[in-house]
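Reading through the structure tokens given below for one structure.
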Amino acid sequence: MRKHPSTYLMRFSLRGLPELDLFESDEQRTAAIAEIEREVGSPMTLGYWIAVAILFATVMVVRRYVKGWLQMLNVPPGVDTFLYWAAVLTTALIVLRWLHRWGAATELRQKLLEAGVPVCTKCGYCLRGLADSVGRCPECARPFDAQVVTLLEKAGRS
């Protein structure tokens with residue numbers, strides 16, 4: 001089965017998030033990314049349209065200011081067109097990557113919990129091996145969620 005090009009974009013955007021390394025298998029990781037992509041990439045959600053508005057507004061602001069700066073600097077014709085489009089495209093790509101990562105760590109933490117991996121929902125600290133009696137994340141001191149307590153209890157019984 002061939003992957004949709006946006007899957008590669010999502011993988012590139014999420015690269016480097018430590019939560020990705022906590023999945024027990026590549027299949028779980030791939031399934032979690034695909035599910036997040038379906039949820040985030042759906043035009044039927046408010047978050048999608050907020051992201052589109054942010055991207056559009058950012059590009060429009062950059063277009064306006066870059067044009068003005070290039071005119072102020074008396075950049076030669078041809079070069080100004082290249083610099084203009086390079087600035088607009090670079091800005092669009094940076095904002096698009098930021099939008100992809102926006103909230104992705106939280107979504108990945110939820111997918112980890114669903115996959116049976118106990119992690120702190122606030123900071124992403126892996127809680128494997130801890131007793132549920134600890135009650136708080138050793139990294140950020142947030143109290144454990146009920147789902148985390150259940151996972152830790154299951155791990156303690158086995």
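How things are named: the first chain in the structure tokens is A, the next is B, and so on; residues count from 1 in each chain; ligands count from 1 in the order shown.
If you count only C-alpha atoms and ignore residues fewer than 6 places along the chain from stretch 78-80 of chain A, what sits within 10 Å of it is Val66, Lys67, Trp69, Leu70, Gln71 and Ala86 of chain A.
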What would the file look like if the residues just selected were written as a PDB file, in the first residue's frame with N, CA and C atoms?
```
ATOM      1  N   VAL A  66       7.920  42.135   3.060  1.00  0.00           N
ATOM      2  CA  VAL A  66       9.061  41.808   2.192  1.00  0.00           C
ATOM      3  C   VAL A  66       9.058  42.708   0.967  1.00  0.00           C
ATOM      4  N   LYS A  67       7.905  42.930   0.395  1.00  0.00           N
ATOM      5  CA  LYS A  67       7.804  43.825  -0.767  1.00  0.00           C
ATOM      6  C   LYS A  67       8.334  45.218  -0.422  1.00  0.00           C
ATOM      7  N   TRP A  69      10.408  46.066   2.075  1.00  0.00           N
ATOM      8  CA  TRP A  69      11.852  46.030   2.351  1.00  0.00           C
ATOM      9  C   TRP A  69      12.658  45.957   1.060  1.00  0.00           C
ATOM     10  N   LEU A  70      12.202  45.160   0.127  1.00  0.00           N
ATOM     11  CA  LEU A  70      12.925  45.023  -1.141  1.00  0.00           C
ATOM     12  C   LEU A  70      12.916  46.338  -1.914  1.00  0.00           C
ATOM     13  N   GLN A  71      11.823  47.066  -1.851  1.00  0.00           N
ATOM     14  CA  GLN A  71      11.770  48.370  -2.517  1.00  0.00           C
ATOM     15  C   GLN A  71      12.686  49.377  -1.823  1.00  0.00           C
ATOM     16  N   ALA A  86      11.138  33.495  -2.273  1.00  0.00           N
ATOM     17  CA  ALA A  86      11.912  32.686  -1.325  1.00  0.00           C
ATOM     18  C   ALA A  86      11.470  32.995   0.112  1.00  0.00           C
TER      19      ALA A  86
END
```
Could you please write out, as a PyMOL selection string, every residue of stretch 2-137 of chain A that DSSP assigns to alpha helix (DSSP H)? chain A and resi 5-14+26-40+46-72+79-101+104-114
Long-range neighbours of A:Val148 as a VMD selection string, 12 Å cut-off, only C-alpha atoms, 2 positions minimum in chain: chain A and resid 109 to 110 112 to 122 124 to 128 130 to 137 142 to 146 150 to 155
Could those residues be written to a file, using N, CA and C atoms, as an mmCIF file, in the first residue's frame?
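To be explicit, this is the file written out as part.cif:
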```
data_model
loop_
_atom_site.group_PDB
_atom_site.id
_atom_site.type_symbol
_atom_site.label_atom_id
_atom_site.label_comp_id
_atom_site.auth_asym_id
_atom_site.auth_seq_id
_atom_site.Cartn_x
_atom_site.Cartn_y
_atom_site.Cartn_z
ATOM 1 N N ARG A 109 1.186 11.717 23.413
ATOM 2 C CA ARG A 109 1.119 11.193 24.782
ATOM 3 C C ARG A 109 -0.185 10.434 24.996
ATOM 4 N N GLN A 110 -1.265 10.962 24.449
ATOM 5 C CA GLN A 110 -2.550 10.276 24.566
ATOM 6 C C GLN A 110 -2.511 8.944 23.822
ATOM 7 N N LEU A 112 0.133 7.149 23.316
ATOM 8 C CA LEU A 112 0.973 6.259 24.122
ATOM 9 C C LEU A 112 0.157 5.619 25.242
ATOM 10 N N LEU A 113 -0.656 6.419 25.918
ATOM 11 C CA LEU A 113 -1.502 5.882 26.983
ATOM 12 C C LEU A 113 -2.472 4.847 26.423
ATOM 13 N N GLU A 114 -3.046 5.128 25.260
ATOM 14 C CA GLU A 114 -3.962 4.178 24.626
ATOM 15 C C GLU A 114 -3.234 2.887 24.246
ATOM 16 N N ALA A 115 -1.937 2.986 23.940
ATOM 17 C CA ALA A 115 -1.143 1.813 23.573
ATOM 18 C C ALA A 115 -0.611 1.072 24.806
ATOM 19 N N GLY A 116 -0.914 1.597 26.000
ATOM 20 C CA GLY A 116 -0.499 0.923 27.225
ATOM 21 C C GLY A 116 0.856 1.358 27.758
ATOM 22 N N VAL A 117 1.366 2.475 27.278
ATOM 23 C CA VAL A 117 2.658 2.988 27.750
ATOM 24 C C VAL A 117 2.377 4.129 28.727
ATOM 25 N N PRO A 118 2.739 3.966 30.008
ATOM 26 C CA PRO A 118 2.463 5.027 30.982
ATOM 27 C C PRO A 118 3.432 6.207 30.820
ATOM 28 N N VAL A 119 2.868 7.359 30.502
ATOM 29 C CA VAL A 119 3.656 8.596 30.380
ATOM 30 C C VAL A 119 2.908 9.714 31.086
ATOM 31 N N CYS A 120 3.658 10.695 31.522
ATOM 32 C CA CYS A 120 3.043 11.885 32.120
ATOM 33 C C CYS A 120 2.386 12.680 30.999
ATOM 34 N N THR A 121 1.132 13.040 31.192
ATOM 35 C CA THR A 121 0.420 13.771 30.143
ATOM 36 C C THR A 121 0.868 15.228 30.031
ATOM 37 N N LYS A 122 1.541 15.716 31.056
ATOM 38 C CA LYS A 122 2.009 17.100 31.004
ATOM 39 C C LYS A 122 3.371 17.220 30.338
ATOM 40 N N GLY A 124 5.478 14.341 29.360
ATOM 41 C CA GLY A 124 5.871 13.239 28.507
ATOM 42 C C GLY A 124 6.884 12.278 29.119
ATOM 43 N N TYR A 125 7.188 12.449 30.393
ATOM 44 C CA TYR A 125 8.155 11.581 31.066
ATOM 45 C C TYR A 125 7.620 10.151 31.092
ATOM 46 N N CYS A 126 8.465 9.194 30.735
ATOM 47 C CA CYS A 126 8.071 7.788 30.733
ATOM 48 C C CYS A 126 8.014 7.284 32.175
ATOM 49 N N LEU A 127 6.879 6.744 32.572
ATOM 50 C CA LEU A 127 6.652 6.330 33.957
ATOM 51 C C LEU A 127 6.757 4.819 34.138
ATOM 52 N N ARG A 128 7.273 4.117 33.141
ATOM 53 C CA ARG A 128 7.434 2.660 33.251
ATOM 54 C C ARG A 128 8.296 2.338 34.467
ATOM 55 N N LEU A 130 7.582 2.662 37.581
ATOM 56 C CA LEU A 130 7.223 3.368 38.821
ATOM 57 C C LEU A 130 6.022 2.697 39.469
ATOM 58 N N ALA A 131 5.945 2.784 40.767
ATOM 59 C CA ALA A 131 4.767 2.290 41.485
ATOM 60 C C ALA A 131 3.683 3.348 41.429
ATOM 61 N N ASP A 132 2.426 2.907 41.350
ATOM 62 C CA ASP A 132 1.325 3.877 41.313
ATOM 63 C C ASP A 132 1.203 4.641 42.621
ATOM 64 N N SER A 133 1.821 4.129 43.692
ATOM 65 C CA SER A 133 1.754 4.801 44.989
ATOM 66 C C SER A 133 2.564 6.102 45.018
ATOM 67 N N VAL A 134 3.469 6.260 44.043
ATOM 68 C CA VAL A 134 4.255 7.507 43.972
ATOM 69 C C VAL A 134 3.303 8.687 43.810
ATOM 70 N N GLY A 135 2.319 8.538 42.938
ATOM 71 C CA GLY A 135 1.256 9.531 42.814
ATOM 72 C C GLY A 135 1.552 10.752 41.977
ATOM 73 N N ARG A 136 2.833 11.061 41.777
ATOM 74 C CA ARG A 136 3.205 12.260 41.006
ATOM 75 C C ARG A 136 4.342 11.929 40.053
ATOM 76 N N CYS A 137 4.385 12.690 38.980
ATOM 77 C CA CYS A 137 5.467 12.541 38.015
ATOM 78 C C CYS A 137 6.774 13.027 38.653
ATOM 79 N N ARG A 142 3.405 16.618 38.479
ATOM 80 C CA ARG A 142 1.967 16.600 38.216
ATOM 81 C C ARG A 142 1.382 15.303 38.764
ATOM 82 N N PRO A 143 0.224 15.374 39.409
ATOM 83 C CA PRO A 143 -0.421 14.143 39.884
ATOM 84 C C PRO A 143 -0.791 13.241 38.702
ATOM 85 N N PHE A 144 -0.706 11.938 38.899
ATOM 86 C CA PHE A 144 -1.028 10.988 37.841
ATOM 87 C C PHE A 144 -2.499 11.071 37.468
ATOM 88 N N ASP A 145 -2.782 10.951 36.179
ATOM 89 C CA ASP A 145 -4.156 10.837 35.696
ATOM 90 C C ASP A 145 -4.667 9.441 36.032
ATOM 91 N N ALA A 146 -5.970 9.270 36.024
ATOM 92 C CA ALA A 146 -6.567 7.962 36.319
ATOM 93 C C ALA A 146 -6.072 6.899 35.336
ATOM 94 N N THR A 150 -4.076 3.428 36.320
ATOM 95 C CA THR A 150 -4.540 2.109 35.870
ATOM 96 C C THR A 150 -3.422 1.343 35.183
ATOM 97 N N LEU A 151 -2.680 2.015 34.313
ATOM 98 C CA LEU A 151 -1.556 1.359 33.608
ATOM 99 C C LEU A 151 -0.471 0.932 34.587
ATOM 100 N N LEU A 152 -0.164 1.774 35.554
ATOM 101 C CA LEU A 152 0.869 1.427 36.531
ATOM 102 C C LEU A 152 0.417 0.276 37.428
ATOM 103 N N GLU A 153 -0.873 0.252 37.780
ATOM 104 C CA GLU A 153 -1.389 -0.860 38.577
ATOM 105 C C GLU A 153 -1.286 -2.174 37.801
ATOM 106 N N LYS A 154 -1.650 -2.138 36.503
ATOM 107 C CA LYS A 154 -1.560 -3.340 35.657
ATOM 108 C C LYS A 154 -0.116 -3.819 35.584
ATOM 109 N N ALA A 155 0.809 -2.899 35.422
ATOM 110 C CA ALA A 155 2.231 -3.263 35.307
ATOM 111 C C ALA A 155 2.725 -3.836 36.634
#
```
Identify, on the basis of only C-alpha atoms, every residue whose closest approach to A:His100 does not exceed 8 Å; exclude the query and any residue fewer than 5 positions from it along the same chain; express the result as a CSV table (one decimal) with C-alpha atoms, in the first residue's frame.
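Printed below is result_17.csv as written:
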```csv
chain,number,residue,atom,x,y,z
A,10,MET,CA,3.7,14.7,9.1
A,13,SER,CA,7.2,17.7,11.0
A,14,LEU,CA,7.1,15.4,14.1
```
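Coordinates place atom CA of A:Leu89 at a distance of 28.1 Å from atom CA of A:Leu20.
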Test item, strand (DSSP E or B) assignment across chain A, answer as a PyMOL selection string: chain A and resi 119+126+136+143
Output the selection as a short mmCIF file (atom, residue, chain, number, x, y, z; two decimals), in the first residue's frame - C-alpha atoms for each residue.
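What follows is the written file result-v6.cif:
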```cif
data_model
loop_
_atom_site.label_atom_id
_atom_site.label_comp_id
_atom_site.auth_asym_id
_atom_site.auth_seq_id
_atom_site.Cartn_x
_atom_site.Cartn_y
_atom_site.Cartn_z
CA VAL A 119 3.66 8.60 30.38
CA CYS A 126 8.07 7.79 30.73
CA ARG A 136 3.20 12.26 41.01
CA PRO A 143 -0.42 14.14 39.88
#
```
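Considering only C-alpha atoms, the residue among A:Arg101, A:Arg64, A:Arg29, A:Arg38 positioned nearest to A:Ala51 is A:Arg101.
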Atom CA of A:Arg97 to atom CA of A:Ile50: how many Å, to one decimal? 14.7 Å
Can you tell me, as a compact mmCIF listing (two decimals) with C-alpha atoms, in the first residue's frame, what residues are no more than 12 Å from stretch 46-48 of chain A when counting only C-alpha atoms, ignoring any on the same chain fewer than 6 positions away?
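Output file around-v3.txt follows:
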```txt
# COMPACT_ATOMS: atom_id res chain seq x y z
CA GLU A 37 -2.92 13.01 10.71
CA ARG A 38 -6.54 11.97 10.08
CA GLU A 39 -7.78 13.94 13.10
CA VAL A 40 -5.72 17.07 12.46
CA ILE A 54 -2.87 31.45 10.82
CA LEU A 55 -0.95 30.27 7.75
CA LEU A 96 3.32 24.87 8.41
CA LEU A 99 1.33 24.16 13.00
CA HIS A 100 1.93 20.43 12.49
CA TRP A 102 1.35 22.42 17.62
CA GLY A 103 -0.30 20.05 20.08
```
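Atom to atom, atom CA of A:Val62 and atom CA of A:Thr91 stand 7.5 Å apart.
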Of the candidates A:Ala105, A:Ala92, A:Met44, A:Leu83, which one gets nearest to A:Val59 if we count only C-alpha atoms? A:Ala92
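Among the candidate residues A:Ser42, A:Leu93, A:Pro76, A:Gln147, the one lying nearest to A:Phe12 is A:Leu93, with distances computed using only C-alpha atoms.
When only C-alpha atoms are used to measure the gap to A:Thr106, the shortest distance among A:Val88, A:Met72, A:Cys123, A:Ala31 belongs to A:Cys123.
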